[in-house]
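Working notes, beginning with the structure itself.
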Number of protein chains: 2
Amino acid sequence: MLDEECARGPGRLRVAVLVSGNGTNLQALIDAFPKDDPRVELVVVVSNQAEAFALERARRAGIGSRVIHHRDFASRAEFEDALALVLRERGAQLVVLAGFMRLLGATLLDAFPQRVINVHPALCPAFPGLDAPRQALEHGARLSGCTVHFVDGGTDTGPIIAQSVVPIAPDDDATSLGDRIRRAEHALLPLVVSWFSEGRVRVTGRRVSVLPAHTTR
Amino acid sequence: MLDEECARGPGRLRVAVLVSGNGTNLQALIDAFPKDDPRVELVVVVSNQAEAFALERARRAGIGSRVIHHRDFASRAEFEDALALVLRERGAQLVVLAGFMRLLGATLLDAFPQRVINVHPALCPAFPGLDAPRQALEHGARLSGCTVHFVDGGTDTGPIIAQSVVPIAPDDDATSLGDRIRRAEHALLPLVVSWFSEGRVRVTGRRVSVLPAHTTR
């Protein structure tokens with residue numbers, strides 16, 4: 001990857017959110033960027049699960065949504081082609097995976113190069129994959145946190161944009177730690193999306209830099 | 001491992017420090033626990049490198065030191081037997097690896113069960129092994145830190161006692177980040193040793209708990 005500006009067009013940044021479940025990170029974005037927000041427009045919510053409560057959150061917020069079920073497609077590439085079509089139709093400039101429980105591959109990522117980000121409930125590269133809070137507890141880590149990173153086809157392996165730390169308490173279980181990490185995600189993810197809307201995110205190889213505020217528009 | 005108290009005998013805690021180089025973490029312990037400290041006595045410094053500056057630090061602080069060079073022994077077990085002999089002679093109750101650049105095996109660890117701790121310049125399990133600050137930079141992590149953990153024969157894999165976070169700045173190189181992490185180590189390592197001196201460290205499986213102050217003696 002060369003050093004380049006990511007996901008910055010004229011006007012408001014058009015953001016798509018991919019979900020699979022409850023959608024609390026979607027809710028954090030909805031709360032951070034209301035309909036009249038000058039920086040960010042949430043243009044579509046796509047779920048691969050018809051029963052995801054995130055779809056109800058989108059409806060209540062007046063954001064269009066689509067269900068694209070991966071099981072309806074013969075291959076991952078065809079699923080991702082359908083996904084990319086919807087995202088393009090809606091003019092998405094940034095694609096946020098917010099509890100989206102499918103690995104994405106080259107078909108989608110090549111369609112949105114350096115435009116797909118994910119939030120993972122651990123301090124990457126520690127504890128990738130499923131059940132990260134439980135992994136952290138079972139490892140005996142004294143702290144954990146969350147990571148917003150570019151998606152690169154691996155499991156939570158892409159270039160890291162931002163990380164936020166949370167302590168682990170002696171009496172934590174996976175639920176209490178997961179809740180604490182999720183609250184950190186709800187603060188970090190909208191912040192990162194705002195950086196994209198301000199054109200402040202740069203990538204050089206694996207290193208991401210965030211330019212100071214007000215240096216670009 | 002069963003839940004048990006670690007490294008707490010009557011009187012001052014007798015601490016041995018193993019070094020290989022400059023010994024800045026040894027210096028942090030010397031500064032934190034002067035000769036008349038009521039909690040901790042630094043009883044011996046052992047280096048596997050004759051030219052380690054840490055030996056000079058020990059001399060200036062009036063702490064006995066020994067050089068035990070691993071190359072003088074036919075096997076790791078014999079090296080560790082010699083090491084264990086010196087540590088036992090000095091009555092060490094806690095063995096602190098402070099920049100000690102040899103992996104230790106069962107011979108030493110079985111002689112000092114749950115009595116050997118290490119400080120690693122990363123947030124374990126991220127970035128184990130050599131050049132951890134460089135690893136963190138090359139990975140593009142946004143933060144790193146240090147970990148004090150029990151030594152278990154793996155590379156920086158043992159149960160975690162304490163962790164401290166440091167930010168990574170956009171213009172960091174391995175030296176500047178390493179320096180920042182080292183300063184965090186210099187605060188964290190003496191703190192952990194003081195916990196041992198107060199009998200507050202418990203281990204259950206991989207999970208370490210630190211009891212509140214003044215609940216034990």
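Residue names in the structure tokens use chain letters A, B, ... in the order shown, residue numbers from 1 in each chain, and ligand numbers from 1 in the order shown.
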Compile the residues of chain A that lie within 12 Å of chain B, evaluated using only C-alpha atoms, and express the compilation as a ChimeraX atom specification.
-> /A:122-128,135-150,157-172,202-212
Enumerate, as a PyMOL selection string, the complete set of residues in range 73-153 of chain A that a backbone-based DSSP assignment places in strand (DSSP E or B).
-> chain A and resi 94-97+116-120+143-150
Tell me which protein, DNA and RNA residues are within 10 Å of Ser20 in chain A, counting only C-alpha atoms, leaving out same-chain ones fewer than 2 positions away, and put them as a VMD selection string.
-> chain A and resid 18 22 to 23 46 to 55 67 69 97 to 102
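CA of Val19 in chain B lies 20.8 Å from CA of Ala74 in chain B.
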Selection near Gly153 in chain A, 10 Å with only C-alpha atoms, sequence-local residues under 6 positions removed, as an MDAnalysis selection string = chainID A and resid 103:106 108:109
Export of the given selection (all heavy atoms) as a short mmCIF file (atom, residue, chain, number, x, y, z; two decimals), in the first residue's frame:
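again.cif, written as the output of this step:
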data_model
loop_
_atom_site.label_atom_id
_atom_site.label_comp_id
_atom_site.auth_asym_id
_atom_site.auth_seq_id
_atom_site.Cartn_x
_atom_site.Cartn_y
_atom_site.Cartn_z
N LEU A 103 -16.11 -13.55 7.67
CA LEU A 103 -14.83 -13.09 7.11
C LEU A 103 -15.07 -12.61 5.68
O LEU A 103 -15.78 -13.27 4.92
CB LEU A 103 -13.82 -14.23 7.09
CG LEU A 103 -13.07 -14.50 8.40
CD1 LEU A 103 -12.09 -15.64 8.19
CD2 LEU A 103 -12.34 -13.25 8.86
N LEU A 104 -14.47 -11.50 5.32
CA LEU A 104 -14.60 -10.99 3.96
C LEU A 104 -13.33 -11.28 3.18
O LEU A 104 -12.23 -11.28 3.74
CB LEU A 104 -14.89 -9.49 3.98
CG LEU A 104 -16.24 -9.13 4.59
CD1 LEU A 104 -16.38 -7.62 4.69
CD2 LEU A 104 -17.38 -9.72 3.77
N GLY A 105 -13.49 -11.49 1.89
CA GLY A 105 -12.35 -11.83 1.05
C GLY A 105 -12.09 -10.80 -0.03
O GLY A 105 -12.60 -9.67 0.02
N ALA A 106 -11.30 -11.21 -0.99
CA ALA A 106 -10.80 -10.27 -2.00
C ALA A 106 -11.92 -9.63 -2.80
O ALA A 106 -11.80 -8.47 -3.22
CB ALA A 106 -9.82 -11.00 -2.93
N LEU A 108 -14.89 -8.46 -2.04
CA LEU A 108 -15.38 -7.21 -1.45
C LEU A 108 -14.24 -6.24 -1.18
O LEU A 108 -14.36 -5.03 -1.44
CB LEU A 108 -16.14 -7.47 -0.15
CG LEU A 108 -16.77 -6.15 0.33
CD1 LEU A 108 -18.14 -5.95 -0.26
CD2 LEU A 108 -16.80 -6.04 1.83
N LEU A 109 -13.14 -6.75 -0.67
CA LEU A 109 -12.06 -5.84 -0.27
C LEU A 109 -11.45 -5.14 -1.47
O LEU A 109 -11.06 -3.97 -1.38
CB LEU A 109 -10.99 -6.61 0.52
CG LEU A 109 -11.52 -7.24 1.83
CD1 LEU A 109 -10.42 -8.05 2.51
CD2 LEU A 109 -12.08 -6.17 2.76
#
DSSP alpha helix (DSSP H) selection over range 62-145 of chain A, as a PyMOL selection string = chain A and resi 76-89+106-111+132-139
Within 12 Å of His186 in chain B, counting only C-alpha atoms, which residues qualify if same-chain residues fewer than 2 places away don't, as a PyMOL selection string?
-> chain B and resi 23-32+98-99+119-121+145-148+164+179-184+188-193
Restricted to N, CA, C and O atoms, what would the selected residues look like written as a short mmCIF file (atom, residue, chain, number, x, y, z; two decimals), in the first residue's frame?
data_model
loop_
_atom_site.label_atom_id
_atom_site.label_comp_id
_atom_site.auth_asym_id
_atom_site.auth_seq_id
_atom_site.Cartn_x
_atom_site.Cartn_y
_atom_site.Cartn_z
N GLY B 23 21.12 -3.17 32.71
CA GLY B 23 20.59 -3.28 34.06
C GLY B 23 19.78 -2.09 34.52
O GLY B 23 19.77 -1.77 35.72
N THR B 24 19.04 -1.45 33.63
CA THR B 24 18.24 -0.31 34.09
C THR B 24 17.10 -0.77 35.00
O THR B 24 16.71 -0.04 35.92
N ASN B 25 16.57 -1.97 34.77
CA ASN B 25 15.53 -2.46 35.68
C ASN B 25 16.12 -2.83 37.03
O ASN B 25 15.46 -2.65 38.06
N LEU B 26 17.34 -3.36 37.03
CA LEU B 26 18.03 -3.56 38.31
C LEU B 26 18.16 -2.22 39.04
O LEU B 26 17.90 -2.12 40.24
N GLN B 27 18.55 -1.17 38.32
CA GLN B 27 18.70 0.15 38.94
C GLN B 27 17.38 0.62 39.53
O GLN B 27 17.35 1.21 40.62
N ALA B 28 16.28 0.37 38.81
CA ALA B 28 14.97 0.77 39.34
C ALA B 28 14.68 0.05 40.65
O ALA B 28 14.12 0.65 41.59
N LEU B 29 15.08 -1.22 40.75
CA LEU B 29 14.88 -1.97 42.00
C LEU B 29 15.79 -1.43 43.11
O LEU B 29 15.37 -1.29 44.26
N ILE B 30 17.04 -1.12 42.74
CA ILE B 30 17.98 -0.55 43.72
C ILE B 30 17.44 0.77 44.27
O ILE B 30 17.48 1.04 45.47
N ASP B 31 16.90 1.59 43.35
CA ASP B 31 16.38 2.89 43.77
C ASP B 31 15.12 2.74 44.62
O ASP B 31 14.88 3.51 45.56
N ALA B 32 14.30 1.74 44.28
CA ALA B 32 13.04 1.55 45.01
C ALA B 32 13.26 0.92 46.38
O ALA B 32 12.49 1.17 47.32
N ALA B 98 15.65 -9.45 34.92
CA ALA B 98 15.60 -8.03 34.54
C ALA B 98 16.55 -7.83 33.35
O ALA B 98 17.70 -7.46 33.52
N GLY B 99 16.03 -8.13 32.17
CA GLY B 99 16.89 -8.08 31.00
C GLY B 99 17.84 -9.26 30.95
O GLY B 99 18.95 -9.15 30.43
N VAL B 119 10.16 -9.36 33.27
CA VAL B 119 9.49 -8.18 32.71
C VAL B 119 9.75 -8.17 31.21
O VAL B 119 10.88 -8.33 30.75
N HIS B 120 8.67 -8.06 30.45
CA HIS B 120 8.76 -8.10 28.98
C HIS B 120 8.22 -6.80 28.40
O HIS B 120 7.14 -6.35 28.81
N PRO B 121 8.91 -6.22 27.43
CA PRO B 121 8.49 -4.90 26.91
C PRO B 121 7.39 -4.96 25.86
O PRO B 121 7.53 -4.43 24.76
N GLY B 145 3.32 -1.60 25.69
CA GLY B 145 3.49 -1.48 27.13
C GLY B 145 4.45 -2.52 27.64
O GLY B 145 5.33 -2.96 26.91
N CYS B 146 4.28 -2.88 28.90
CA CYS B 146 5.13 -3.90 29.47
C CYS B 146 4.30 -4.83 30.34
O CYS B 146 3.20 -4.48 30.78
N THR B 147 4.86 -6.00 30.55
CA THR B 147 4.18 -7.06 31.29
C THR B 147 5.15 -7.67 32.28
O THR B 147 6.26 -8.03 31.91
N VAL B 148 4.74 -7.79 33.52
CA VAL B 148 5.49 -8.59 34.50
C VAL B 148 4.73 -9.90 34.67
O VAL B 148 3.51 -9.89 34.93
N SER B 164 1.26 -2.62 32.02
CA SER B 164 1.20 -1.16 31.98
C SER B 164 1.25 -0.73 30.51
O SER B 164 2.02 -1.28 29.73
N ASP B 179 12.53 3.16 24.85
CA ASP B 179 12.81 4.00 26.02
C ASP B 179 11.52 4.27 26.82
O ASP B 179 11.52 4.23 28.05
N ARG B 180 10.45 4.55 26.09
CA ARG B 180 9.18 4.86 26.78
C ARG B 180 8.67 3.63 27.54
O ARG B 180 8.20 3.73 28.67
N ILE B 181 8.79 2.47 26.89
CA ILE B 181 8.35 1.23 27.56
C ILE B 181 9.23 0.95 28.77
O ILE B 181 8.75 0.55 29.83
N ARG B 182 10.53 1.20 28.63
CA ARG B 182 11.45 0.93 29.74
C ARG B 182 11.10 1.80 30.96
O ARG B 182 11.15 1.33 32.09
N ARG B 183 10.73 3.05 30.70
CA ARG B 183 10.32 3.89 31.83
C ARG B 183 9.09 3.30 32.54
O ARG B 183 8.98 3.36 33.77
N ALA B 184 8.19 2.73 31.75
CA ALA B 184 7.01 2.08 32.37
C ALA B 184 7.44 0.85 33.17
O ALA B 184 6.92 0.60 34.26
N LEU B 188 6.72 -0.25 37.04
CA LEU B 188 5.88 -1.44 37.30
C LEU B 188 6.63 -2.52 38.06
O LEU B 188 6.06 -3.15 38.96
N LEU B 189 7.89 -2.77 37.70
CA LEU B 189 8.60 -3.91 38.29
C LEU B 189 8.77 -3.75 39.82
O LEU B 189 8.46 -4.70 40.56
N PRO B 190 9.24 -2.60 40.30
CA PRO B 190 9.33 -2.46 41.77
C PRO B 190 7.97 -2.58 42.46
O PRO B 190 7.87 -3.11 43.57
N LEU B 191 6.92 -2.10 41.79
CA LEU B 191 5.58 -2.22 42.37
C LEU B 191 5.22 -3.69 42.56
O LEU B 191 4.74 -4.11 43.62
N VAL B 192 5.47 -4.50 41.52
CA VAL B 192 5.14 -5.93 41.61
C VAL B 192 5.98 -6.59 42.70
O VAL B 192 5.47 -7.41 43.49
N VAL B 193 7.27 -6.25 42.78
CA VAL B 193 8.12 -6.84 43.82
C VAL B 193 7.59 -6.46 45.21
O VAL B 193 7.57 -7.28 46.13
#
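Every protein or nucleic acid residue with an atom no more than 8 Å from range 36-39 of chain A, counting only C-alpha atoms and leaving out same-chain residues fewer than 4 positions away, appears here: Gly11, Arg12, Leu13, Ser194, Ser197 and Glu198 of chain A.
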By how many Å are CA of Asp131 in chain B and CA of Arg71 in chain B apart?
-> 23.0 Å
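With only C-alpha atoms as the basis for measurement, B:Asp152 is the residue among B:Asp152, B:Glu56, B:Glu89, B:Asp81 that approaches Val116 in chain B most closely.
The gap separating CA of Gly199 in chain B from CA of Asp173 in chain A is 25.1 Å, in Å to one decimal.
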